[in-house]
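Trainee: Structure provided below as structure tokens; questions to follow.
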Amino acid sequence: MFDGLKDKLGSFRDDVEEEVEEKEAEAEAAAEAEADEAEPATEADEDSTPAAAPDRESSDEADDDGGPGRLRQAAAFATGRVIIEEEDLEEPLWSLEMALLESDVEMSVAEEILDAVREQLIGETRKQVDTTAELVEEALHDALVDVISVGQFDFEQRIAEADKPVTIVFTGVNGVGKTTSIAKMSEWLGKRGYSSVLANGDTYRAGANEQIEKHAENVGRKVISHEQGGDPAAVIYDGVEYAEANDVDVVLGDTAGRLHTSNDLMTQLEKIHRVVDPEMTLFVDEAVAGQDAVERAKEFDDAAEIDGTVLTKADADSSGGAAISIAHVTGKPVLFLGTGQGYDDIRAFDPEALVDELLADEE
């Protein structure tokens, strides 16, 4: 999962390390040269009168000949430290920017990551007991966690604390795994002691009732549905009524796979919110959709104010652009990742754990 992005982050770490190692070698050579020059000068001083101190202009010229950073680098090396400067990061940061954009990370998100890494690393003093890779990894870790964890909340705690039944509505375009994700969520909740009922608000698509009924049969759950063409809000409302009468904890409401450009369908989604007032609305899309998924999330959030995102097919996504970008762009967290075909193949989204995976060394 997200292997391509992982490789690119590793390349950035290696690039910065290479730049700093080159500078360290130059600083070591400069320090040795300074020491070699000092020895004959000391012997000469013993046999001659003190020379006049050089004026400021000649001192500046000497600095210019060796580069203003050369003596500072030599001094830093002599004290066992190496300073990371902006010039050390220029090419690696440019490569990282290209890598993030190629991985479908949204432009503003990529810029925020770069700015955070730059701010944390420039002027950082690397002791010889540290490694450059460790400093870079720490900067990448902090920058990635900051953008990925926007809006995060404890989903299970919110379920536990909410009045029952808890109603969760799932939205998204056709074909992204929304109905399958509902069945997976039912299993996830069941393993944590919460009962659930499925309500099919996808009343316009032929075969939608049969599809959700098959999933419900596979996971052993009840489905509330109406005839094709019925009112989606009424179906989910009936799901809530059933849950109240039968002491069911959670209502999982499916909706039509509405395109974000369809005003009529978006109006129906708004009606569901007025009638049912769900505890949460979760947007579902494919991780592999990249920036298209990010754009759709923004549109759905504008129409019905989503509370979080479920990204399907994360196991097939090499780039990771949607997972990195959606929370920062919408201000609403990624809550779950679909990681396979089985009903158990869903995992709660943990920003820290994901970043640790992205930055982990290959075994």
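Letters A, B, ... go to the chains of the structure tokens in the order shown; residues in each chain start at 1; ligands are counted from 1 in the same order.
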Return as an NGL selection string the full set of residues in region 208-341 of chain A whose backbone-based DSSP assignment is helix (DSSP H, G or I).
Mentor: :A and (208-219 or 232-246 or 263-276 or 287-289 or 291-304 or 314-316 or 321-330)
Trainee: Between region 214-310 of chain A and region 98-106 of chain A, at 12 Å or less, what are the per-residue closest atom pairs and their distances in Å? Count only C-alpha atoms, order by chain and rising residue number, and return it as CSV.
Mentor:
residue,atom,partner,partner_atom,distance
A:Ala287,CA,A:Asp104,CA,10.4
A:Val288,CA,A:Asp104,CA,9.4
A:Ala289,CA,A:Asp104,CA,8.9
A:Gly290,CA,A:Asp104,CA,5.4
A:Gln291,CA,A:Asp104,CA,5.8
A:Asp292,CA,A:Asp104,CA,9.2
A:Ala293,CA,A:Asp104,CA,10.2
A:Val294,CA,A:Glu106,CA,7.9
A:Glu295,CA,A:Glu106,CA,9.5
Trainee: Take the residues that were just selected and, keeping all heavy atoms, output them as a compact mmCIF listing (two decimals), in the first residue's frame.
Mentor:
# COMPACT_ATOMS: atom_id res chain seq x y z
N ALA A 287 -9.16 5.17 -3.26
CA ALA A 287 -7.84 5.76 -3.04
C ALA A 287 -7.12 5.96 -4.36
O ALA A 287 -6.39 6.94 -4.54
CB ALA A 287 -7.02 4.88 -2.10
N VAL A 288 -7.32 5.03 -5.29
CA VAL A 288 -6.61 5.09 -6.57
C VAL A 288 -7.10 6.23 -7.45
O VAL A 288 -6.47 6.54 -8.48
CB VAL A 288 -6.74 3.75 -7.34
CG1 VAL A 288 -6.01 2.64 -6.61
CG2 VAL A 288 -8.21 3.38 -7.55
N ALA A 289 -8.20 6.89 -7.07
CA ALA A 289 -8.72 8.01 -7.88
C ALA A 289 -7.90 9.28 -7.72
O ALA A 289 -8.06 10.23 -8.48
CB ALA A 289 -10.18 8.28 -7.54
N GLY A 290 -7.04 9.33 -6.71
CA GLY A 290 -6.14 10.47 -6.54
C GLY A 290 -6.85 11.80 -6.40
O GLY A 290 -7.77 11.95 -5.60
N GLN A 291 -6.43 12.77 -7.21
CA GLN A 291 -6.98 14.12 -7.08
C GLN A 291 -8.44 14.19 -7.48
O GLN A 291 -9.17 15.09 -7.05
CB GLN A 291 -6.14 15.11 -7.89
CG GLN A 291 -4.76 15.34 -7.29
CD GLN A 291 -4.12 16.63 -7.76
OE1 GLN A 291 -4.78 17.64 -7.93
NE2 GLN A 291 -2.82 16.59 -7.99
N ASP A 292 -8.92 13.27 -8.32
CA ASP A 292 -10.35 13.23 -8.63
C ASP A 292 -11.15 12.96 -7.36
O ASP A 292 -12.21 13.56 -7.14
CB ASP A 292 -10.65 12.15 -9.66
CG ASP A 292 -10.18 12.52 -11.06
OD1 ASP A 292 -9.95 13.73 -11.30
OD2 ASP A 292 -10.04 11.63 -11.90
N ALA A 293 -10.66 12.06 -6.53
CA ALA A 293 -11.33 11.77 -5.26
C ALA A 293 -11.31 12.99 -4.35
O ALA A 293 -12.30 13.29 -3.66
CB ALA A 293 -10.66 10.59 -4.57
N VAL A 294 -10.20 13.72 -4.35
CA VAL A 294 -10.09 14.93 -3.51
C VAL A 294 -11.11 15.96 -3.96
O VAL A 294 -11.81 16.57 -3.14
CB VAL A 294 -8.67 15.50 -3.58
CG1 VAL A 294 -8.58 16.81 -2.80
CG2 VAL A 294 -7.65 14.50 -3.04
N GLU A 295 -11.22 16.16 -5.27
CA GLU A 295 -12.16 17.15 -5.80
C GLU A 295 -13.60 16.75 -5.50
O GLU A 295 -14.43 17.58 -5.12
CB GLU A 295 -11.95 17.30 -7.32
CG GLU A 295 -12.80 18.37 -7.96
CD GLU A 295 -12.54 19.76 -7.39
OE1 GLU A 295 -11.39 20.04 -7.00
OE2 GLU A 295 -13.50 20.56 -7.31
Trainee: Compile the contact shell of Val251 (chain A) as a ChimeraX atom specification: residues with an atom at most 12 Å away, counting only C-alpha atoms, same-chain residues fewer than 5 positions apart removed.
Mentor: /A:159,164-170,182-183,185-186,189,194-201,221-224,235-244,246,276-281
Trainee: Taking 3 positions as the minimum chain separation for residues in the same chain, which residues sit within 6 Å of Asp317 (chain A) when counting only C-alpha atoms? Answer as a PyMOL selection string.
Mentor: chain A and resi 1-2+288+314
Trainee: If you keep N, CA and C atoms, can you produce a file of those selected residues as an mmCIF file, in the first residue's frame?
Mentor:
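The file below, out03.cif, is the result:
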data_model
loop_
_atom_site.group_PDB
_atom_site.id
_atom_site.type_symbol
_atom_site.label_atom_id
_atom_site.label_comp_id
_atom_site.auth_asym_id
_atom_site.auth_seq_id
_atom_site.Cartn_x
_atom_site.Cartn_y
_atom_site.Cartn_z
ATOM 1 N N MET A 1 0.837 -1.206 0.000
ATOM 2 C CA MET A 1 0.000 0.000 0.000
ATOM 3 C C MET A 1 0.872 1.257 0.000
ATOM 4 N N PHE A 2 0.620 2.121 -0.976
ATOM 5 C CA PHE A 2 1.347 3.389 -1.110
ATOM 6 C C PHE A 2 2.854 3.190 -1.290
ATOM 7 N N VAL A 288 -7.321 5.027 -5.290
ATOM 8 C CA VAL A 288 -6.613 5.091 -6.573
ATOM 9 C C VAL A 288 -7.098 6.232 -7.453
ATOM 10 N N ALA A 314 -7.352 0.861 -1.099
ATOM 11 C CA ALA A 314 -6.075 1.419 -0.648
ATOM 12 C C ALA A 314 -4.935 0.432 -0.870
#
Trainee: Which distance in Å separates CA of Ser11 (chain A) and CA of Ser319 (chain A), to one decimal?
Mentor: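 Rounded to one decimal, the two atoms are 14.5 Å apart.
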Trainee: For Asp7 (chain A), which residue out of A:Asp301, A:Glu357, A:Glu119, A:Asp254 is the nearest one, using only C-alpha atoms?
Mentor: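 Among the listed residues, A:Glu357 lies closest to Asp7 (chain A).
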